[in-house]
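Shown next: my_file.cif, given as mmCIF, C-alpha atoms.
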data_protein
loop_
_atom_site.label_atom_id
_atom_site.label_comp_id
_atom_site.auth_asym_id
_atom_site.auth_seq_id
_atom_site.Cartn_x
_atom_site.Cartn_y
_atom_site.Cartn_z
CA ASP A 90 0.00 0.00 0.00
CA GLY A 91 1.77 3.16 -1.22
CA GLY A 92 1.65 6.34 0.76
CA ILE A 93 3.23 8.84 3.09
CA THR A 94 3.62 8.29 6.79
CA GLN A 95 4.33 10.90 9.41
CA SER A 96 5.20 10.24 12.99
CA PRO A 97 4.30 10.94 15.63
CA LYS A 98 0.74 12.18 15.15
CA TYR A 99 0.92 14.32 18.28
CA LEU A 100 4.11 15.77 19.74
CA PHE A 101 4.72 17.87 22.79
CA ARG A 102 7.87 19.85 23.33
CA LYS A 103 9.21 22.08 26.03
CA GLU A 104 10.43 25.51 25.08
CA GLY A 105 14.09 25.52 24.11
CA GLN A 106 14.14 21.95 22.85
CA ASN A 107 14.75 20.81 19.32
CA VAL A 108 12.38 18.20 17.94
CA THR A 109 12.42 16.13 14.76
CA LEU A 110 9.34 15.19 12.77
CA SER A 111 9.50 12.11 10.60
CA CYS A 112 8.23 11.80 7.03
CA GLU A 113 8.58 8.63 4.97
CA GLN A 114 7.15 7.83 1.54
CA ASN A 115 7.08 4.63 -0.50
CA LEU A 116 5.69 6.22 -3.66
CA ASN A 117 9.16 6.44 -5.22
CA HIS A 118 8.70 10.19 -5.60
CA ASP A 119 11.70 12.42 -6.18
CA ALA A 120 10.24 15.57 -4.61
CA MET A 121 9.23 16.05 -0.99
CA TYR A 122 7.84 19.05 0.88
CA TRP A 123 7.16 20.31 4.39
CA TYR A 124 4.29 22.67 5.12
CA ARG A 125 3.11 24.39 8.22
CA GLN A 126 -0.61 24.92 8.74
CA ASP A 127 -2.08 27.50 11.12
CA PRO A 128 -5.80 28.33 11.44
CA GLY A 129 -6.94 30.73 8.74
CA GLN A 130 -3.55 30.86 7.02
CA GLY A 131 -3.66 27.88 4.75
CA LEU A 132 -0.44 26.00 4.03
CA ARG A 133 2.93 27.69 4.12
CA LEU A 134 5.99 26.05 2.60
CA ILE A 135 8.90 25.47 4.95
CA TYR A 136 11.38 23.45 2.86
CA TYR A 137 11.30 21.31 -0.23
CA SER A 138 13.61 18.83 -1.89
CA GLN A 139 13.56 17.94 -5.58
CA ILE A 140 16.23 15.26 -5.32
CA VAL A 141 18.30 13.36 -2.78
CA ASN A 142 21.00 15.42 -1.03
CA ASP A 143 19.49 18.70 -2.19
CA PHE A 144 16.85 20.95 -0.67
CA GLN A 145 15.67 24.55 -0.83
CA LYS A 146 14.15 26.98 1.61
CA GLY A 147 10.49 27.79 1.30
CA ASP A 148 8.67 30.87 2.49
CA ILE A 149 9.12 30.30 6.23
CA ALA A 150 12.36 28.32 6.69
CA GLU A 151 13.72 30.28 9.64
CA GLY A 152 13.99 28.11 12.74
CA TYR A 153 13.70 24.86 10.78
CA SER A 154 16.19 22.45 9.23
CA VAL A 155 15.89 19.39 7.00
CA SER A 156 17.96 16.63 5.47
CA ARG A 157 17.42 14.40 2.47
CA GLU A 158 19.88 11.54 2.71
CA LYS A 159 17.49 8.96 1.30
CA LYS A 160 14.86 9.27 -1.40
CA GLU A 161 12.08 7.99 0.85
CA SER A 162 12.83 10.12 3.92
CA PHE A 163 12.67 13.88 4.58
CA PRO A 164 12.83 14.63 8.32
CA LEU A 165 12.11 18.12 9.62
CA THR A 166 13.80 19.51 12.73
CA VAL A 167 12.08 22.31 14.57
CA THR A 168 14.80 24.15 16.43
CA SER A 169 14.63 26.33 19.50
CA ALA A 170 15.12 29.30 17.18
CA GLN A 171 11.57 28.89 15.87
CA LYS A 172 9.63 31.48 17.84
CA ASN A 173 6.15 30.04 17.52
CA PRO A 174 6.40 26.36 16.63
CA THR A 175 2.96 25.21 17.78
CA ALA A 176 1.19 24.19 14.56
CA PHE A 177 0.08 21.33 12.36
CA TYR A 178 2.89 20.09 10.10
CA LEU A 179 2.21 18.37 6.80
CA CYS A 180 4.61 16.45 4.62
CA ALA A 181 3.94 15.89 0.93
CA SER A 182 5.60 14.27 -2.04
CA SER A 183 5.29 14.45 -5.81
CA GLN A 184 6.91 13.14 -8.94
CA PRO A 185 7.92 16.07 -11.17
CA GLY A 186 7.39 15.51 -14.85
CA GLY A 187 4.21 17.19 -16.02
CA GLY A 188 0.75 15.96 -16.90
CA SER A 189 -0.57 13.30 -14.58
CA THR A 190 2.42 13.71 -12.33
CA ASP A 191 3.22 16.96 -10.52
CA THR A 192 0.47 16.14 -8.05
CA GLN A 193 1.27 16.49 -4.37
CA TYR A 194 0.20 13.71 -2.05
CA PHE A 195 0.03 14.38 1.65
CA GLY A 196 0.76 12.52 4.83
CA PRO A 197 -1.63 12.54 7.81
CA GLY A 198 0.24 15.34 9.60
CA THR A 199 1.91 15.90 12.96
CA ARG A 200 0.45 18.28 15.51
CA LEU A 201 3.25 19.91 17.50
CA THR A 202 2.48 21.67 20.75
CA VAL A 203 5.06 23.63 22.70
CA LEU A 204 4.40 23.62 26.42
CA ALA B 147 3.74 36.49 -9.03
CA GLN B 148 1.56 33.53 -8.25
CA SER B 149 -1.35 33.65 -5.85
CA VAL B 150 -4.56 31.87 -5.03
CA THR B 151 -7.67 33.52 -3.62
CA GLN B 152 -10.51 31.56 -2.10
CA LEU B 153 -13.53 33.77 -1.61
CA GLY B 154 -15.28 33.00 1.63
CA SER B 155 -13.38 31.42 4.49
CA HIS B 156 -16.65 29.87 5.72
CA VAL B 157 -19.52 28.58 3.61
CA SER B 158 -22.72 27.03 4.95
CA VAL B 159 -25.21 25.08 2.86
CA SER B 160 -28.23 22.97 3.65
CA GLU B 161 -28.09 19.25 3.06
CA GLY B 162 -29.14 18.60 -0.51
CA ALA B 163 -28.31 22.12 -1.71
CA LEU B 164 -25.73 23.15 -4.27
CA VAL B 165 -22.17 23.53 -3.06
CA LEU B 166 -20.10 26.29 -4.70
CA LEU B 167 -16.59 27.06 -3.46
CA ARG B 168 -14.76 29.80 -5.31
CA CYS B 169 -11.14 29.91 -6.35
CA ASN B 170 -9.35 32.56 -8.41
CA TYR B 171 -5.67 32.52 -9.23
CA SER B 172 -2.98 34.60 -10.79
CA SER B 173 -0.11 32.98 -12.58
CA SER B 174 2.50 34.08 -15.08
CA VAL B 175 2.25 30.76 -16.92
CA PRO B 176 -0.70 28.40 -17.52
CA PRO B 177 -0.86 26.48 -14.27
CA TYR B 178 -2.06 23.12 -13.18
CA LEU B 179 -4.99 23.53 -10.77
CA PHE B 180 -6.05 21.38 -7.84
CA TRP B 181 -8.70 21.06 -5.16
CA TYR B 182 -7.92 19.24 -1.94
CA VAL B 183 -10.16 18.34 1.00
CA GLN B 184 -9.06 18.13 4.61
CA TYR B 185 -10.96 16.54 7.46
CA PRO B 186 -10.10 17.51 11.06
CA ASN B 187 -6.60 16.51 12.14
CA GLN B 188 -5.89 14.77 8.86
CA GLY B 189 -3.77 15.41 5.83
CA LEU B 190 -5.01 16.79 2.53
CA GLN B 191 -6.73 14.46 0.09
CA LEU B 192 -6.82 15.19 -3.63
CA LEU B 193 -10.36 15.85 -4.90
CA LEU B 194 -9.60 16.68 -8.52
CA LYS B 195 -7.10 18.40 -10.77
CA TYR B 196 -6.85 20.16 -14.09
CA THR B 197 -3.72 19.89 -16.21
CA THR B 198 -4.72 20.12 -19.87
CA GLY B 199 -7.64 19.17 -22.09
CA ALA B 200 -11.27 19.28 -21.04
CA THR B 201 -11.93 22.26 -18.81
CA LEU B 202 -14.67 20.56 -16.78
CA VAL B 203 -13.01 18.14 -14.41
CA LYS B 204 -14.79 15.52 -12.37
CA GLY B 205 -13.41 14.32 -9.07
CA ILE B 206 -14.22 12.07 -6.20
CA ASN B 207 -17.36 12.23 -4.03
CA GLY B 208 -19.43 13.89 -6.79
CA PHE B 209 -17.37 17.09 -6.96
CA GLU B 210 -16.41 18.83 -10.16
CA ALA B 211 -14.62 22.02 -11.14
CA GLU B 212 -14.40 24.09 -14.29
CA PHE B 213 -11.28 25.88 -15.47
CA LYS B 214 -12.16 29.26 -16.95
CA LYS B 215 -9.05 30.86 -18.36
CA SER B 216 -10.72 34.19 -19.17
CA GLU B 217 -11.86 34.52 -15.57
CA THR B 218 -8.75 32.89 -14.04
CA SER B 219 -11.08 30.80 -11.96
CA PHE B 220 -11.40 27.18 -10.90
CA HIS B 221 -14.58 27.00 -8.83
CA LEU B 222 -15.58 23.75 -7.12
CA THR B 223 -19.18 22.56 -7.23
CA LYS B 224 -21.35 19.67 -6.12
CA PRO B 225 -25.03 19.49 -7.04
CA SER B 226 -26.27 18.13 -3.71
CA ALA B 227 -24.45 18.53 -0.40
CA HIS B 228 -24.13 15.63 1.99
CA MET B 229 -23.33 15.78 5.68
CA SER B 230 -20.07 13.98 5.01
CA ASP B 231 -18.92 16.90 2.79
CA ALA B 232 -18.33 19.07 5.85
CA ALA B 233 -14.58 19.75 5.79
CA GLU B 234 -11.94 22.30 4.83
CA TYR B 235 -11.30 22.74 1.12
CA PHE B 236 -8.10 24.08 -0.42
CA CYS B 237 -7.48 25.30 -3.93
CA ALA B 238 -3.91 25.08 -5.21
CA VAL B 239 -2.00 26.11 -8.33
CA PHE B 240 1.22 24.71 -9.73
CA PRO B 241 2.81 27.03 -12.28
CA ARG B 242 4.79 24.27 -14.01
CA GLY B 243 8.15 23.43 -12.58
CA ASN B 244 7.79 25.67 -9.58
CA GLN B 245 6.34 25.20 -6.13
CA PHE B 246 2.69 24.75 -5.26
CA TYR B 247 0.68 27.73 -4.02
CA PHE B 248 -2.31 27.11 -1.77
CA GLY B 249 -5.30 29.24 -0.94
CA THR B 250 -6.17 29.94 2.67
CA GLY B 251 -8.99 27.41 2.62
CA THR B 252 -12.77 27.39 2.84
CA SER B 253 -14.52 25.66 5.70
CA LEU B 254 -17.74 24.02 4.50
CA THR B 255 -20.58 23.46 6.97
CA VAL B 256 -23.55 21.33 5.95
CA ILE B 257 -26.76 22.06 7.82
CA PRO B 258 -29.16 19.13 8.28
#

What would the structure in this file look like if it were written as structure tokens?
Amino acid sequence: DGGITQSPKYLFRKEGQNVTLSCEQNLNHDAMYWYRQDPGQGLRLIYYSQIVNDFQKGDIAEGYSVSREKKESFPLTVTSAQKNPTAFYLCASSQPGGGSTDTQYFGPGTRLTVL
Amino acid sequence: AQSVTQLGSHVSVSEGALVLLRCNYSSSVPPYLFWYVQYPNQGLQLLLKYTTGATLVKGINGFEAEFKKSETSFHLTKPSAHMSDAAEYFCAVFPRGNQFYFGTGTSLTVIP
């Protein structure tokens, strides 16, 4: 069964701690994305990666870091530098190439709460 | 510059009534267009998409959308609302080879 998994579903963090959110896909997609979702603001792009060992900053990358060492994995670290990290985080993947591809498929999300 | 505007952050319809969720976009190149649905505390699920060809696109759960280039619109419709349609709906554009741009979402309430 192909898809995207994110873990954990709920995550609690104390202020000043770094935390890493997991995203794994078995769709064999080259591109992966991290979004942050806040009420009334839609989805905002944090980082994206078009290929292994390469990634680019999105619109709100400050306070976040990523790695892309394997095609199927794109973990997101929320650092203590992120001022307001409480949000719902969504991971997505796509296969660039036009036409029926270039569609983003989403994982179930991780809700991060800073205590 | 690319942008997506969803008119109406909240829409309420009666069960059995027409659903119309509006989406307008601006893009420097002909984009691909998408509608996604999100249920509480879940990820986004693809409803339908337009890439090329027929401008009326049919999706899952009885939804459809029409691409109108002259109006730069991609409104989502469903003839008869069902209680299970209550969710958040997002319009998105993909200007070919670039990143996705999402609207701020429309929350649909279905009144019994």

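The space between CA of Leu202 in chain B and CA of Ser158 in chain B spans 24.1 Å.
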
**OP:** Would you mind listing what lies within 10 Å of range 153-164 of chain A as an MDAnalysis selection string, with all atoms listed in the file counted and same-chain residues fewer than 2 positions away left out?
**Re:** chainID A and resid 93:96 107:123 135:146 149:151 166:171 174 180:182

Original post:
Care to translate the PyMOL selection byres ((chain A) within 7 of (chain B)) into actual residues of this file, as JSON, numbers by chain?
Top reply: {"A": [129, 130, 131, 132, 179, 188, 195, 196, 197, 198]}

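Neighbours of Phe220 in chain B closer than or equal to 6 Å, with all atoms listed in the file counted and sequence neighbours fewer than 6 positions away skipped, come out as Cys169, Glu212 and Phe213 of chain B.
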
Using all atoms of range 176-180 of chain A that appear in the file, construct an axis-aligned enclosing box with 5 Å of padding on every side and provide its centre coordinates and edge lengths in Å, rounded to one decimal, as AutoDock Vina command-line options.
--center_x 2.3 --center_y 20.3 --center_z 9.6 --size_x 14.5 --size_y 17.7 --size_z 19.9

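From CA of Pro186 in chain B back to CA of Tyr99 in chain A, the distance works out to 13.6 Å.
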
Subject >> Separation of CA of Leu193 in chain B from CA of Leu100 in chain A, in Å and rounded to one decimal >> reply: 28.6 Å

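Distances from B:Asn170, B:Thr201, B:Ser160, B:Ser230 to Glu217 in chain B were compared using all atoms listed in the file, and the smallest one belongs to B:Asn170.
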
**OP:** Report as a VMD selection string the residues that result from applying the PyMOL selection byres ((chain A and resi 204) around 7) to the structure here.
**Re:** chain A and resid 101 to 104 202 to 203

**OP:** Considering all atoms listed in the file, state which residue in the set A:Phe177, A:Arg125, A:Lys172, A:Arg133 is at the smallest distance from Thr199 in chain A.
**Re:** A:Phe177

Subject >> Explicit residue set for the PyMOL selection byres ((chain B and resi 163) around 8), as a ChimeraX atom specification >> reply: /B:159-162,164-165,225-227

Output file request: range 240-254 of chain B, with N, CA, C and O atoms, as a compact mmCIF listing (two decimals), in the first residue's frame.
# COMPACT_ATOMS: atom_id res chain seq x y z
N PHE B 240 -0.15 25.14 -9.50
CA PHE B 240 1.22 24.71 -9.73
C PHE B 240 1.64 25.29 -11.07
O PHE B 240 1.23 24.80 -12.13
N PRO B 241 2.43 26.37 -11.03
CA PRO B 241 2.81 27.03 -12.28
C PRO B 241 3.94 26.35 -13.04
O PRO B 241 4.84 26.99 -13.49
N ARG B 242 3.85 25.05 -13.19
CA ARG B 242 4.79 24.27 -14.01
C ARG B 242 6.25 24.43 -13.59
O ARG B 242 6.90 25.41 -13.91
N GLY B 243 6.74 23.44 -12.92
CA GLY B 243 8.15 23.43 -12.58
C GLY B 243 8.51 24.28 -11.39
O GLY B 243 9.68 24.42 -11.06
N ASN B 244 7.55 24.82 -10.74
CA ASN B 244 7.79 25.67 -9.58
C ASN B 244 7.09 25.04 -8.38
O ASN B 244 6.67 23.91 -8.41
N GLN B 245 6.97 25.77 -7.31
CA GLN B 245 6.34 25.20 -6.13
C GLN B 245 4.83 25.37 -6.22
O GLN B 245 4.32 26.14 -7.00
N PHE B 246 4.12 24.61 -5.37
CA PHE B 246 2.69 24.75 -5.26
C PHE B 246 2.34 26.01 -4.47
O PHE B 246 3.08 26.42 -3.58
N TYR B 247 1.19 26.62 -4.79
CA TYR B 247 0.68 27.73 -4.02
C TYR B 247 -0.75 27.38 -3.60
O TYR B 247 -1.58 27.03 -4.45
N PHE B 248 -1.01 27.48 -2.31
CA PHE B 248 -2.31 27.11 -1.77
C PHE B 248 -3.11 28.34 -1.35
O PHE B 248 -2.55 29.34 -0.88
N GLY B 249 -4.42 28.25 -1.50
CA GLY B 249 -5.30 29.24 -0.94
C GLY B 249 -5.39 29.06 0.56
O GLY B 249 -4.87 28.08 1.12
N THR B 250 -6.07 29.98 1.21
CA THR B 250 -6.17 29.94 2.67
C THR B 250 -7.27 29.01 3.17
O THR B 250 -7.45 28.85 4.37
N GLY B 251 -8.01 28.42 2.24
CA GLY B 251 -8.99 27.41 2.62
C GLY B 251 -10.39 27.95 2.83
O GLY B 251 -10.58 29.12 3.18
N THR B 252 -11.36 27.09 2.58
CA THR B 252 -12.77 27.39 2.84
C THR B 252 -13.35 26.27 3.68
O THR B 252 -13.26 25.09 3.30
N SER B 253 -13.90 26.64 4.82
CA SER B 253 -14.52 25.66 5.70
C SER B 253 -15.99 25.50 5.30
O SER B 253 -16.74 26.47 5.32
N LEU B 254 -16.37 24.29 4.93
CA LEU B 254 -17.74 24.02 4.50
C LEU B 254 -18.52 23.38 5.64
O LEU B 254 -18.10 22.35 6.19
